[in-house]
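Trainee: First, the structure itself, so that you have it in front of you.
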Amino acid sequence: MNSSTDPATLPLIAVTMGDGAGIGPEVVVPALLDPDTLRRCRPVVIGDTERLRQAARLRDLACEIVTVATPAEAAFTPGRINVVDLGLLPADLPWGKLSPVAGDAAYQYIRTAAELAMDGEVQGICTAPLNKKALHAGGHVFPGHTELLAELTGVEEVSMMLATPTVKVIHVTTHIGLIDAVRRIEPGLVERTVRRGHEAMVRAGTPEPVIGVCGINPHAGENGLFGYGEEEEKIVPALEVLRADGIDARGPLPADTAFFLAGRGDYDLIVAMYHDQGHGPVKVLGLEAGVNLTVGLPVIRTSVDHGTAFDIAGTGTADAGSMIEALRQAAEMSPSPAR
């Protein structure tokens, strides 16, 4: 975690504005004005300066929104927001309405952030929400941020990590049915997932993370009592390889106790085998502060846990709490810049 008082050691975070017709601009502005944000990182918005100024007026927030050519040119003082302005949105873009122009702009913000990350100009990416229909209408057919960033950075396989102040969880499988998840789990996938989680934790300042790996069956199979030996077939071989490489990966653990142990500090990271095994406990332990991370990219990417909320966009009432937490997690999980 970055806790230095020297601003130059704080990570530069590219904050994409998201869909300009949604609540992205309205949550970005207060999040970047939050005093804790500047104590943790140096955020630079990739977006549209005028749209952010409109959002500031909607929220009656006094601030200086300044266009910069590159993150390196940004200055970080209270009340100032730095923007790499792509200037893609018309001044009269309606709030709360699906727009192909806004969808294309949201794509361009992500593309620019990815390029900055690949060039080493930023150490992390934090994304405001985009609208998938608008993204598609703008000519960019991707399921969402994760797949888009993976393609832009040339990465074939990434993992979802959920992070709260209490526990961090990385998933071997996510959005597939339970039967399909069990079929898909195999030692190579388990090993790669644990390595991605280990690398993310090390990069974030935990040099020797203790990683708890859940089993698939109740009680992690309890020596063959439950299931058909999935733990021995699909998980144990991966753990043997990982431990031989010096990674402290422990398990297979009964999932019903792994999260309790992580919550009290026994594990730095839990590896869940499927979606609900990881999501359920995280939402109990820290729903209000949960953030979605993509690991396996050249940089950490964090995201808010809500959508574009077209129904309230332009009203100035959107809650910026998730954006503030996403920035906190981006700061925590990103390294200091090379000096």
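Each chain in the structure tokens gets a letter, A, B and so on, in the order shown; residues start at 1 in every chain, and ligands are counted from 1 in the order they appear.
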When you look at stretch 16-29 of chain A with a cut-off of 7 Å (counting only C-alpha atoms), what residues show up, excluding the ones that are within fewer than 2 positions of it in the same chain? I need them as a ChimeraX atom specification.
Mentor: /A:14,31-33,45-47,51-52,55-56,93-97,102-103,106,109-110,126-131,308-310,313,316,318-320,323
Trainee: For A:Ala134, find every residue with an atom within 7 Å (counting only C-alpha atoms), except residues of its own chain fewer than 2 positions away, and show them as a list in words.
Mentor: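 Non-adjacent residues within range: Leu98, Ser99, Pro100, Ala102, Gly103, Asn131, Lys132, His136, Ala137 and Gly138 of chain A.
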Trainee: Which value, in Å to one decimal, gives the distance between atom CA of A:Gly79 and atom CA of A:Arg40?
Mentor: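 According to the coordinates, atom CA of A:Gly79 and atom CA of A:Arg40 are separated by 15.4 Å.
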Trainee: Among stretch 184-234 of chain A, which ones does DSSP place in helix (DSSP H, G or I), written as an mmCIF file with all heavy atoms, in the first residue's frame?
Mentor:
data_model
loop_
_atom_site.group_PDB
_atom_site.id
_atom_site.type_symbol
_atom_site.label_atom_id
_atom_site.label_comp_id
_atom_site.auth_asym_id
_atom_site.auth_seq_id
_atom_site.Cartn_x
_atom_site.Cartn_y
_atom_site.Cartn_z
ATOM 1 N N ARG A 184 -14.648 -26.755 -16.191
ATOM 2 C CA ARG A 184 -13.577 -25.907 -16.695
ATOM 3 C C ARG A 184 -12.362 -25.886 -15.770
ATOM 4 O O ARG A 184 -11.231 -25.718 -16.232
ATOM 5 C CB ARG A 184 -14.093 -24.475 -16.912
ATOM 6 C CG ARG A 184 -13.023 -23.551 -17.496
ATOM 7 C CD ARG A 184 -13.573 -22.196 -17.863
ATOM 8 N NE ARG A 184 -14.565 -22.284 -18.941
ATOM 9 C CZ ARG A 184 -15.183 -21.235 -19.473
ATOM 10 N NH1 ARG A 184 -14.917 -20.018 -19.014
ATOM 11 N NH2 ARG A 184 -16.057 -21.398 -20.443
ATOM 12 N N PRO A 187 -5.883 -28.051 -13.359
ATOM 13 C CA PRO A 187 -4.690 -27.578 -12.654
ATOM 14 C C PRO A 187 -4.024 -26.368 -13.292
ATOM 15 O O PRO A 187 -3.580 -25.454 -12.584
ATOM 16 C CB PRO A 187 -3.766 -28.800 -12.673
ATOM 17 C CG PRO A 187 -4.692 -29.973 -12.729
ATOM 18 C CD PRO A 187 -5.835 -29.519 -13.586
ATOM 19 N N GLY A 188 -3.963 -26.325 -14.626
ATOM 20 C CA GLY A 188 -3.317 -25.190 -15.280
ATOM 21 C C GLY A 188 -4.025 -23.882 -15.018
ATOM 22 O O GLY A 188 -3.390 -22.849 -14.747
ATOM 23 N N LEU A 189 -5.359 -23.891 -15.068
ATOM 24 C CA LEU A 189 -6.134 -22.683 -14.816
ATOM 25 C C LEU A 189 -6.008 -22.259 -13.357
ATOM 26 O O LEU A 189 -5.881 -21.060 -13.057
ATOM 27 C CB LEU A 189 -7.599 -22.913 -15.184
ATOM 28 C CG LEU A 189 -8.547 -21.732 -14.982
ATOM 29 C CD1 LEU A 189 -8.083 -20.514 -15.762
ATOM 30 C CD2 LEU A 189 -9.974 -22.115 -15.378
ATOM 31 N N VAL A 190 -6.062 -23.216 -12.447
ATOM 32 C CA VAL A 190 -5.885 -22.893 -11.024
ATOM 33 C C VAL A 190 -4.510 -22.266 -10.799
ATOM 34 O O VAL A 190 -4.380 -21.239 -10.125
ATOM 35 C CB VAL A 190 -6.055 -24.156 -10.152
ATOM 36 C CG1 VAL A 190 -5.699 -23.856 -8.695
ATOM 37 C CG2 VAL A 190 -7.482 -24.688 -10.259
ATOM 38 N N GLU A 191 -3.489 -22.879 -11.376
ATOM 39 C CA GLU A 191 -2.131 -22.368 -11.193
ATOM 40 C C GLU A 191 -1.998 -20.949 -11.735
ATOM 41 O O GLU A 191 -1.443 -20.061 -11.071
ATOM 42 C CB GLU A 191 -1.130 -23.292 -11.893
ATOM 43 C CG GLU A 191 0.319 -22.821 -11.758
ATOM 44 C CD GLU A 191 1.275 -23.635 -12.614
ATOM 45 O OE1 GLU A 191 0.912 -24.765 -13.023
ATOM 46 O OE2 GLU A 191 2.379 -23.125 -12.887
ATOM 47 N N ARG A 192 -2.498 -20.702 -12.941
ATOM 48 C CA ARG A 192 -2.375 -19.371 -13.535
ATOM 49 C C ARG A 192 -3.137 -18.322 -12.734
ATOM 50 O O ARG A 192 -2.681 -17.187 -12.566
ATOM 51 C CB ARG A 192 -2.875 -19.391 -14.982
ATOM 52 C CG ARG A 192 -2.021 -20.243 -15.921
ATOM 53 C CD ARG A 192 -2.386 -20.001 -17.373
ATOM 54 N NE ARG A 192 -3.770 -20.330 -17.694
ATOM 55 C CZ ARG A 192 -4.201 -21.532 -18.034
ATOM 56 N NH1 ARG A 192 -3.372 -22.570 -18.050
ATOM 57 N NH2 ARG A 192 -5.481 -21.740 -18.349
ATOM 58 N N THR A 193 -4.297 -18.707 -12.217
ATOM 59 C CA THR A 193 -5.090 -17.775 -11.419
ATOM 60 C C THR A 193 -4.352 -17.401 -10.138
ATOM 61 O O THR A 193 -4.283 -16.217 -9.773
ATOM 62 C CB THR A 193 -6.455 -18.396 -11.077
ATOM 63 O OG1 THR A 193 -7.137 -18.746 -12.282
ATOM 64 C CG2 THR A 193 -7.307 -17.421 -10.284
ATOM 65 N N VAL A 194 -3.794 -18.398 -9.458
ATOM 66 C CA VAL A 194 -3.054 -18.114 -8.223
ATOM 67 C C VAL A 194 -1.844 -17.240 -8.530
ATOM 68 O O VAL A 194 -1.545 -16.288 -7.791
ATOM 69 C CB VAL A 194 -2.616 -19.422 -7.533
ATOM 70 C CG1 VAL A 194 -1.726 -19.109 -6.325
ATOM 71 C CG2 VAL A 194 -3.837 -20.228 -7.094
ATOM 72 N N ARG A 195 -1.155 -17.514 -9.618
ATOM 73 C CA ARG A 195 0.013 -16.691 -9.972
ATOM 74 C C ARG A 195 -0.389 -15.240 -10.238
ATOM 75 O O ARG A 195 0.318 -14.300 -9.838
ATOM 76 C CB ARG A 195 0.729 -17.280 -11.192
ATOM 77 C CG ARG A 195 1.473 -18.581 -10.914
ATOM 78 C CD ARG A 195 2.324 -18.999 -12.104
ATOM 79 N NE ARG A 195 2.896 -20.328 -11.912
ATOM 80 C CZ ARG A 195 4.007 -20.578 -11.214
ATOM 81 N NH1 ARG A 195 4.670 -19.578 -10.637
ATOM 82 N NH2 ARG A 195 4.451 -21.817 -11.094
ATOM 83 N N ARG A 196 -1.523 -15.038 -10.918
ATOM 84 C CA ARG A 196 -1.979 -13.664 -11.158
ATOM 85 C C ARG A 196 -2.296 -12.965 -9.847
ATOM 86 O O ARG A 196 -1.960 -11.794 -9.650
ATOM 87 C CB ARG A 196 -3.203 -13.662 -12.086
ATOM 88 C CG ARG A 196 -2.853 -13.837 -13.556
ATOM 89 C CD ARG A 196 -4.060 -13.578 -14.451
ATOM 90 N NE ARG A 196 -5.024 -14.675 -14.406
ATOM 91 C CZ ARG A 196 -4.996 -15.724 -15.215
ATOM 92 N NH1 ARG A 196 -4.035 -15.846 -16.109
ATOM 93 N NH2 ARG A 196 -5.922 -16.661 -15.135
ATOM 94 N N GLY A 197 -2.949 -13.687 -8.940
ATOM 95 C CA GLY A 197 -3.253 -13.096 -7.641
ATOM 96 C C GLY A 197 -1.993 -12.793 -6.846
ATOM 97 O O GLY A 197 -1.873 -11.730 -6.223
ATOM 98 N N HIS A 198 -1.043 -13.719 -6.878
ATOM 99 C CA HIS A 198 0.227 -13.524 -6.174
ATOM 100 C C HIS A 198 0.962 -12.305 -6.723
ATOM 101 O O HIS A 198 1.444 -11.454 -5.960
ATOM 102 C CB HIS A 198 1.087 -14.784 -6.323
ATOM 103 C CG HIS A 198 2.418 -14.703 -5.635
ATOM 104 N ND1 HIS A 198 3.549 -14.237 -6.269
ATOM 105 C CD2 HIS A 198 2.788 -15.016 -4.366
ATOM 106 C CE1 HIS A 198 4.564 -14.268 -5.429
ATOM 107 N NE2 HIS A 198 4.136 -14.738 -4.272
ATOM 108 N N GLU A 199 1.018 -12.204 -8.041
ATOM 109 C CA GLU A 199 1.709 -11.068 -8.657
ATOM 110 C C GLU A 199 1.050 -9.750 -8.284
ATOM 111 O O GLU A 199 1.729 -8.754 -7.997
ATOM 112 C CB GLU A 199 1.717 -11.233 -10.179
ATOM 113 C CG GLU A 199 2.396 -10.081 -10.913
ATOM 114 C CD GLU A 199 2.284 -10.194 -12.421
ATOM 115 O OE1 GLU A 199 1.687 -11.175 -12.907
ATOM 116 O OE2 GLU A 199 2.780 -9.290 -13.108
ATOM 117 N N ALA A 200 -0.290 -9.728 -8.282
ATOM 118 C CA ALA A 200 -1.004 -8.499 -7.925
ATOM 119 C C ALA A 200 -0.722 -8.100 -6.483
ATOM 120 O O ALA A 200 -0.517 -6.911 -6.193
ATOM 121 C CB ALA A 200 -2.508 -8.692 -8.137
ATOM 122 N N MET A 201 -0.700 -9.054 -5.584
ATOM 123 C CA MET A 201 -0.443 -8.750 -4.182
ATOM 124 C C MET A 201 0.986 -8.257 -3.975
ATOM 125 O O MET A 201 1.229 -7.308 -3.220
ATOM 126 C CB MET A 201 -0.711 -9.985 -3.320
ATOM 127 C CG MET A 201 -2.149 -10.470 -3.340
ATOM 128 S SD MET A 201 -3.352 -9.250 -2.766
ATOM 129 C CE MET A 201 -2.868 -9.095 -1.042
ATOM 130 N N VAL A 202 1.933 -8.894 -4.658
ATOM 131 C CA VAL A 202 3.334 -8.460 -4.545
ATOM 132 C C VAL A 202 3.490 -7.048 -5.090
ATOM 133 O O VAL A 202 4.139 -6.190 -4.476
ATOM 134 C CB VAL A 202 4.266 -9.438 -5.288
ATOM 135 C CG1 VAL A 202 5.686 -8.877 -5.389
ATOM 136 C CG2 VAL A 202 4.282 -10.791 -4.582
ATOM 137 N N ARG A 203 2.878 -6.794 -6.242
ATOM 138 C CA ARG A 203 2.973 -5.483 -6.869
ATOM 139 C C ARG A 203 2.364 -4.407 -5.968
ATOM 140 O O ARG A 203 2.793 -3.249 -5.981
ATOM 141 C CB ARG A 203 2.279 -5.520 -8.229
ATOM 142 C CG ARG A 203 2.536 -4.291 -9.088
ATOM 143 C CD ARG A 203 2.224 -4.541 -10.546
ATOM 144 N NE ARG A 203 0.894 -5.082 -10.778
ATOM 145 C CZ ARG A 203 0.411 -5.364 -11.986
ATOM 146 N NH1 ARG A 203 1.169 -5.181 -13.045
ATOM 147 N NH2 ARG A 203 -0.806 -5.854 -12.127
ATOM 148 N N PRO A 218 -18.123 -29.410 -0.580
ATOM 149 C CA PRO A 218 -18.214 -29.128 0.855
ATOM 150 C C PRO A 218 -17.048 -29.767 1.604
ATOM 151 O O PRO A 218 -16.633 -30.894 1.311
ATOM 152 C CB PRO A 218 -19.554 -29.768 1.253
ATOM 153 C CG PRO A 218 -20.361 -29.780 -0.012
ATOM 154 C CD PRO A 218 -19.370 -30.006 -1.107
ATOM 155 N N HIS A 219 -16.506 -29.032 2.564
ATOM 156 C CA HIS A 219 -15.372 -29.502 3.375
ATOM 157 C C HIS A 219 -14.164 -29.862 2.511
ATOM 158 O O HIS A 219 -13.343 -30.697 2.905
ATOM 159 C CB HIS A 219 -15.766 -30.702 4.234
ATOM 160 C CG HIS A 219 -16.884 -30.426 5.178
ATOM 161 N ND1 HIS A 219 -17.301 -31.346 6.110
ATOM 162 C CD2 HIS A 219 -17.689 -29.347 5.346
ATOM 163 C CE1 HIS A 219 -18.314 -30.845 6.805
ATOM 164 N NE2 HIS A 219 -18.566 -29.617 6.345
ATOM 165 N N ALA A 220 -14.081 -29.231 1.312
ATOM 166 C CA ALA A 220 -12.998 -29.521 0.361
ATOM 167 C C ALA A 220 -12.902 -31.014 0.066
ATOM 168 O O ALA A 220 -11.827 -31.570 -0.140
ATOM 169 C CB ALA A 220 -11.663 -28.989 0.881
ATOM 170 N N GLY A 221 -14.071 -31.667 0.020
ATOM 171 C CA GLY A 221 -14.135 -33.088 -0.319
ATOM 172 C C GLY A 221 -14.012 -34.022 0.859
ATOM 173 O O GLY A 221 -14.449 -35.174 0.804
ATOM 174 N N GLU A 230 -12.504 -34.267 -6.995
ATOM 175 C CA GLU A 230 -12.167 -33.084 -7.794
ATOM 176 C C GLU A 230 -10.977 -32.318 -7.210
ATOM 177 O O GLU A 230 -10.147 -31.788 -7.961
ATOM 178 C CB GLU A 230 -13.380 -32.149 -7.898
ATOM 179 C CG GLU A 230 -14.478 -32.643 -8.814
ATOM 180 C CD GLU A 230 -15.468 -33.560 -8.097
ATOM 181 O OE1 GLU A 230 -15.231 -33.873 -6.893
ATOM 182 O OE2 GLU A 230 -16.470 -33.945 -8.709
ATOM 183 N N GLU A 231 -10.906 -32.230 -5.892
ATOM 184 C CA GLU A 231 -9.798 -31.488 -5.284
ATOM 185 C C GLU A 231 -8.451 -32.116 -5.633
ATOM 186 O O GLU A 231 -7.505 -31.426 -6.030
ATOM 187 C CB GLU A 231 -9.974 -31.419 -3.763
ATOM 188 C CG GLU A 231 -10.982 -30.391 -3.290
ATOM 189 C CD GLU A 231 -12.425 -30.825 -3.518
ATOM 190 O OE1 GLU A 231 -12.661 -32.048 -3.717
ATOM 191 O OE2 GLU A 231 -13.319 -29.975 -3.485
ATOM 192 N N GLU A 232 -8.375 -33.427 -5.517
ATOM 193 C CA GLU A 232 -7.111 -34.119 -5.809
ATOM 194 C C GLU A 232 -6.761 -34.037 -7.295
ATOM 195 O O GLU A 232 -5.590 -33.947 -7.663
ATOM 196 C CB GLU A 232 -7.222 -35.591 -5.395
ATOM 197 C CG GLU A 232 -7.276 -35.810 -3.893
ATOM 198 C CD GLU A 232 -5.987 -35.370 -3.214
ATOM 199 O OE1 GLU A 232 -4.897 -35.568 -3.796
ATOM 200 O OE2 GLU A 232 -6.063 -34.805 -2.106
ATOM 201 N N GLU A 233 -7.775 -34.041 -8.141
ATOM 202 C CA GLU A 233 -7.534 -34.040 -9.580
ATOM 203 C C GLU A 233 -7.248 -32.649 -10.128
ATOM 204 O O GLU A 233 -6.350 -32.476 -10.966
ATOM 205 C CB GLU A 233 -8.766 -34.614 -10.296
ATOM 206 C CG GLU A 233 -8.689 -34.535 -11.819
ATOM 207 C CD GLU A 233 -10.026 -34.868 -12.477
ATOM 208 O OE1 GLU A 233 -10.926 -35.393 -11.798
ATOM 209 O OE2 GLU A 233 -10.154 -34.573 -13.688
ATOM 210 N N LYS A 234 -7.985 -31.640 -9.648
ATOM 211 C CA LYS A 234 -7.978 -30.339 -10.283
ATOM 212 C C LYS A 234 -7.190 -29.263 -9.534
ATOM 213 O O LYS A 234 -6.754 -28.271 -10.143
ATOM 214 C CB LYS A 234 -9.428 -29.840 -10.467
ATOM 215 C CG LYS A 234 -10.286 -30.713 -11.375
ATOM 216 C CD LYS A 234 -11.754 -30.290 -11.326
ATOM 217 C CE LYS A 234 -12.618 -31.104 -12.291
ATOM 218 N NZ LYS A 234 -12.403 -30.721 -13.696
#
Trainee: For stretch 88-91 of chain A, find every residue with an atom within 7 Å (counting only C-alpha atoms), except residues of its own chain fewer than 3 positions away, and show them as a ChimeraX atom specification.
Mentor: /A:48,101-102,105
Trainee: Report, in Å to a single decimal, how far apart atom CA of A:Asp180 and atom CA of A:Leu225 are.
Mentor: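 Interatomic distance here is 22.0 Å.
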Trainee: Would you compute the distance between atom CA of A:Thr70 and atom CA of A:Asp92? Give it in Å to one decimal.
Mentor: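 Pair atom CA of A:Thr70 / atom CA of A:Asp92 returns 26.5 Å.
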